[in-house]
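Here's the structure, in structure tokens; my notes come after.
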Amino acid sequence: MTDDRDLREEMIATCLRMNASGLNIGAAGNLSVRVEGGLLITPSGIAYDKMRPEQIVEMDWEGRYYGDFVPSSEWRFHYDILKARPDVDAVLHSHAVNCSILACCRLDIPPVHYMIGVSGGDVVKCSGYAPFGTAELSVEALSALEDRMACLLGNHGVIALGKTPAKAFAVLEEVENLARVYIGTRMLGGGVILGKEEMTVVLERFKSYGKQADEAVDTAVKNRVEPPPHGGSKRL
Ligand SMILES: [Zn+2]
């Protein structure tokens with residue numbers, strides 16, 4: 001077993017946060033993280049509030065697992081996505097209700113709000129349906145994801161990706177919010193969908209979103225200077 005107790009604890013904390021935030025119900029969701037030689041994944045059938053770090057399951061790149069606990073029944077798409085997407089290290093899946101509503105209608109989320117840029121593109125696509133736990137579902141998920149960070153799973157739920165569990169959580173949280181906004185705009189007769197040109201500008205700006213000054217392209221982020229000599233701002 002890899003010595004990764006902090007990471008295992010972080011995984012459980014992310015799942016607890018997911019449920020506490022209303023982004024998942026019960027034990028439906030699951031989380032995996034890339035480690036050396038394979039991945040860690042939440043176990044099957046153990047409630048998050050009862051889950052202990054040693055119950056997180058380690059798998060290798062042959063699809064085999066170590067230890068006494070069985071990996072999540074949805075391990076297959078975690079494994080296939082981590083294999084196919086070297087740019088991501090965490091895969092978070094849930095049955096978030098608004099994403100699931102759209103997924104049950106087989107609707108993509110269009111660029112109805114600029115924050116869709118968080119998902120790494122101008123659309124969150126909904127995949128076709130395949131039974132949970134199957135290799136067919138992995139194929140559907142990968143084709144809906146392409147190079148983006150999120151997709152809906154037809155008649156099922158949502159997948160969010162990131163470099164870390166926290167980043168995947170942030171994508172999930174935003175995509176669920178986008179799903180809620182999109183459902184609301186459809187109820188009001190349909191929102192104004194942003195065009196390709198508008199989204200090109202958004203996606204360019206998102207390159208520095210959440211980044212620190214040394215890696216940012218946004219001038220407002222780059223404009224950092226040393227504090228003024230008087231030691232800070234004073235009230236006039
Ligand atoms: Zn599921």
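So you can find residues: chains in the structure tokens are A, B, ... in the order shown, residues in each start at 1, and ligands are numbered from 1 in order.
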Enumerate as a VMD selection string all residues of segment 8-215 of chain A assigned to strand (DSSP E or B) by DSSP on the backbone, naming them with the chain letters and numbers the document uses.
chain A and resid 30 to 35 38 to 41 43 57 to 60 65 71 90 to 94 109 124 126 150 to 153 157 to 162
Selection export as an mmCIF file, in the first residue's frame, atoms kept: N, CA and C atoms:
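selection_10.cif, freshly written:
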```cif
data_model
loop_
_atom_site.group_PDB
_atom_site.id
_atom_site.type_symbol
_atom_site.label_atom_id
_atom_site.label_comp_id
_atom_site.auth_asym_id
_atom_site.auth_seq_id
_atom_site.Cartn_x
_atom_site.Cartn_y
_atom_site.Cartn_z
ATOM 1 N N ASN A 30 -18.378 9.151 -6.295
ATOM 2 C CA ASN A 30 -17.085 8.503 -6.067
ATOM 3 C C ASN A 30 -15.954 9.385 -6.585
ATOM 4 N N LEU A 31 -14.773 9.126 -6.055
ATOM 5 C CA LEU A 31 -13.614 9.988 -6.338
ATOM 6 C C LEU A 31 -12.380 9.113 -6.530
ATOM 7 N N SER A 32 -11.568 9.458 -7.523
ATOM 8 C CA SER A 32 -10.294 8.760 -7.703
ATOM 9 C C SER A 32 -9.179 9.779 -7.882
ATOM 10 N N VAL A 33 -7.968 9.373 -7.522
ATOM 11 C CA VAL A 33 -6.795 10.236 -7.653
ATOM 12 C C VAL A 33 -5.623 9.390 -8.156
ATOM 13 N N ARG A 34 -4.893 9.950 -9.120
ATOM 14 C CA ARG A 34 -3.720 9.259 -9.657
ATOM 15 C C ARG A 34 -2.604 9.216 -8.612
ATOM 16 N N VAL A 35 -1.992 8.052 -8.460
ATOM 17 C CA VAL A 35 -0.792 7.926 -7.619
ATOM 18 C C VAL A 35 0.255 7.172 -8.444
ATOM 19 N N GLY A 38 -0.617 3.753 -10.389
ATOM 20 C CA GLY A 38 -2.046 3.462 -10.471
ATOM 21 C C GLY A 38 -2.898 4.574 -9.917
ATOM 22 N N LEU A 39 -3.960 4.191 -9.204
ATOM 23 C CA LEU A 39 -4.883 5.190 -8.685
ATOM 24 C C LEU A 39 -5.447 4.751 -7.342
ATOM 25 N N LEU A 40 -5.906 5.741 -6.589
ATOM 26 C CA LEU A 40 -6.681 5.479 -5.376
ATOM 27 C C LEU A 40 -8.135 5.792 -5.711
ATOM 28 N N ILE A 41 -9.050 4.986 -5.196
ATOM 29 C CA ILE A 41 -10.469 5.218 -5.471
ATOM 30 C C ILE A 41 -11.304 4.888 -4.240
ATOM 31 N N PRO A 43 -14.098 3.305 -1.927
ATOM 32 C CA PRO A 43 -14.591 1.916 -1.964
ATOM 33 C C PRO A 43 -16.080 1.851 -2.262
ATOM 34 N N VAL A 57 -9.347 2.356 -1.834
ATOM 35 C CA VAL A 57 -8.771 1.210 -2.547
ATOM 36 C C VAL A 57 -7.687 1.668 -3.526
ATOM 37 N N GLU A 58 -6.572 0.947 -3.515
ATOM 38 C CA GLU A 58 -5.505 1.223 -4.485
ATOM 39 C C GLU A 58 -5.626 0.244 -5.646
ATOM 40 N N MET A 59 -5.535 0.780 -6.866
ATOM 41 C CA MET A 59 -5.595 -0.055 -8.074
ATOM 42 C C MET A 59 -4.344 0.167 -8.904
ATOM 43 N N ASP A 60 -3.964 -0.834 -9.689
ATOM 44 C CA ASP A 60 -2.843 -0.655 -10.621
ATOM 45 C C ASP A 60 -3.393 -0.434 -12.035
ATOM 46 N N TYR A 65 -6.936 -4.595 -7.975
ATOM 47 C CA TYR A 65 -6.901 -3.801 -6.750
ATOM 48 C C TYR A 65 -6.284 -4.590 -5.610
ATOM 49 N N PRO A 71 -13.255 -1.767 -4.911
ATOM 50 C CA PRO A 71 -13.358 -0.403 -5.447
ATOM 51 C C PRO A 71 -14.789 -0.056 -5.841
ATOM 52 N N ALA A 90 -7.323 13.884 -10.893
ATOM 53 C CA ALA A 90 -8.460 13.568 -10.011
ATOM 54 C C ALA A 90 -9.746 13.516 -10.832
ATOM 55 N N VAL A 91 -10.565 12.505 -10.544
ATOM 56 C CA VAL A 91 -11.861 12.331 -11.217
ATOM 57 C C VAL A 91 -12.935 12.251 -10.129
ATOM 58 N N LEU A 92 -13.902 13.165 -10.207
ATOM 59 C CA LEU A 92 -14.971 13.219 -9.214
ATOM 60 C C LEU A 92 -16.304 13.005 -9.935
ATOM 61 N N HIS A 93 -17.105 12.110 -9.394
ATOM 62 C CA HIS A 93 -18.387 11.780 -10.027
ATOM 63 C C HIS A 93 -19.508 11.930 -9.008
ATOM 64 N N SER A 94 -20.624 12.503 -9.429
ATOM 65 C CA SER A 94 -21.773 12.576 -8.518
ATOM 66 C C SER A 94 -23.074 12.522 -9.307
ATOM 67 N N ILE A 109 -25.045 21.456 -21.630
ATOM 68 C CA ILE A 109 -25.137 22.819 -21.080
ATOM 69 C C ILE A 109 -24.412 23.749 -22.056
ATOM 70 N N VAL A 124 -20.753 21.958 -21.846
ATOM 71 C CA VAL A 124 -20.611 20.729 -21.058
ATOM 72 C C VAL A 124 -21.515 19.720 -21.748
ATOM 73 N N CYS A 126 -23.445 16.241 -22.849
ATOM 74 C CA CYS A 126 -24.079 15.084 -22.210
ATOM 75 C C CYS A 126 -23.792 13.850 -23.063
ATOM 76 N N ALA A 150 -15.293 18.547 -17.729
ATOM 77 C CA ALA A 150 -16.567 18.061 -17.175
ATOM 78 C C ALA A 150 -17.454 17.544 -18.290
ATOM 79 N N CYS A 151 -18.320 16.586 -17.935
ATOM 80 C CA CYS A 151 -19.381 16.158 -18.847
ATOM 81 C C CYS A 151 -20.544 15.633 -18.017
ATOM 82 N N LEU A 152 -21.717 15.595 -18.646
ATOM 83 C CA LEU A 152 -22.865 14.931 -18.048
ATOM 84 C C LEU A 152 -22.891 13.512 -18.589
ATOM 85 N N LEU A 153 -23.398 12.595 -17.776
ATOM 86 C CA LEU A 153 -23.551 11.196 -18.204
ATOM 87 C C LEU A 153 -25.032 10.929 -18.421
ATOM 88 N N GLY A 157 -25.582 11.199 -14.326
ATOM 89 C CA GLY A 157 -25.031 12.219 -13.425
ATOM 90 C C GLY A 157 -23.986 13.069 -14.111
ATOM 91 N N VAL A 158 -22.897 13.323 -13.399
ATOM 92 C CA VAL A 158 -21.891 14.266 -13.887
ATOM 93 C C VAL A 158 -20.499 13.788 -13.495
ATOM 94 N N ILE A 159 -19.508 14.126 -14.323
ATOM 95 C CA ILE A 159 -18.097 13.859 -14.019
ATOM 96 C C ILE A 159 -17.360 15.190 -14.077
ATOM 97 N N ALA A 160 -16.515 15.441 -13.055
ATOM 98 C CA ALA A 160 -15.678 16.641 -13.043
ATOM 99 C C ALA A 160 -14.233 16.221 -12.836
ATOM 100 N N LEU A 161 -13.322 16.887 -13.546
ATOM 101 C CA LEU A 161 -11.902 16.527 -13.497
ATOM 102 C C LEU A 161 -11.082 17.667 -12.932
ATOM 103 N N GLY A 162 -9.874 17.342 -12.442
ATOM 104 C CA GLY A 162 -8.979 18.384 -11.963
ATOM 105 C C GLY A 162 -7.605 17.813 -11.707
#
```
Can you list, as a PyMOL selection string, every protein, DNA or RNA residue that comes within 8 Å of Arg52 of chain A when you count only C-alpha atoms, leaving out same-chain residues fewer than 4 positions away?
chain A and resi 9+12+56
Contact residues around Leu137 of chain A with only C-alpha atoms at 9 Å, ignoring same-chain residues under 4 positions, as a list in words:
Arg76, Phe77, Ser127, Gly128, Tyr129, Ala130, Pro131, Phe132, Gly133, Ala141, Leu142 and Leu153 of chain A
Residue among A:Met149, A:Val225, A:Val171, A:Ala103 lying closest to ligand 1, counting only C-alpha atoms and all ligand atoms:
A:Ala103
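Residues surrounding Lys163 of chain A within 8 Å are A:Asp87, A:Val88, A:Asp89, A:Ala90, A:Leu161, A:Pro165, A:Lys167, A:Ala168 [only C-alpha atoms; sequence separation below 2 positions excluded].
When DSSP is run on the backbone, the residues of segment 94-150 of chain A that fall into alpha helix (DSSP H) are Val97, Asn98, Cys99, Ser100, Ile101, Leu102, Ala103, Cys104, Ala135, Glu136, Leu137, Ser138, Val139, Glu140, Ala141, Leu142, Ser143, Ala144 and Leu145 of chain A.
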Could you dump the residues just selected with C-alpha atoms as an mmCIF file, in the first residue's frame?
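Contents of the output file again.cif:
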```
data_model
loop_
_atom_site.group_PDB
_atom_site.id
_atom_site.type_symbol
_atom_site.label_atom_id
_atom_site.label_comp_id
_atom_site.auth_asym_id
_atom_site.auth_seq_id
_atom_site.Cartn_x
_atom_site.Cartn_y
_atom_site.Cartn_z
ATOM 1 C CA VAL A 97 -29.582 16.851 -8.996
ATOM 2 C CA ASN A 98 -29.540 19.668 -11.573
ATOM 3 C CA CYS A 99 -26.856 17.967 -13.648
ATOM 4 C CA SER A 100 -28.873 14.755 -13.405
ATOM 5 C CA ILE A 101 -32.064 16.521 -14.571
ATOM 6 C CA LEU A 102 -30.264 17.737 -17.710
ATOM 7 C CA ALA A 103 -28.607 14.328 -18.142
ATOM 8 C CA CYS A 104 -32.028 12.643 -18.009
ATOM 9 C CA ALA A 135 -16.459 -0.138 -20.480
ATOM 10 C CA GLU A 136 -19.159 1.289 -22.798
ATOM 11 C CA LEU A 137 -19.822 4.021 -20.234
ATOM 12 C CA SER A 138 -16.113 4.926 -20.286
ATOM 13 C CA VAL A 139 -16.252 5.291 -24.070
ATOM 14 C CA GLU A 140 -19.341 7.512 -23.770
ATOM 15 C CA ALA A 141 -17.743 9.640 -21.029
ATOM 16 C CA LEU A 142 -14.444 10.108 -22.885
ATOM 17 C CA SER A 143 -16.206 11.116 -26.066
ATOM 18 C CA ALA A 144 -18.390 13.672 -24.201
ATOM 19 C CA LEU A 145 -15.350 15.032 -22.334
#
```
Considering only C-alpha atoms, return as JSON, numbers by chain whatever protein or nucleic-acid residues lie within 7 Å of Gly191 of chain A, sequence-local ones (same chain, fewer than 3 positions apart) excluded.
{"A": [112, 185, 186]}
Of the residues A:Ala84, A:Ala96, A:Leu7, A:Ile116, which is the one nearest to Ala28 of chain A, using only C-alpha atoms?
A:Ala96
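If only C-alpha atoms and all ligand atoms are the atoms counted, then among A:Gly154, A:Gly22, A:Pro111, A:Gly63 the closest residue to ligand 1 is A:Gly154.
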Asp68 of chain A surroundings by only C-alpha atoms, 9 Å radius, close-in-sequence under 2 positions cut, as an MDAnalysis selection string:
chainID A and resid 55 57 66 70
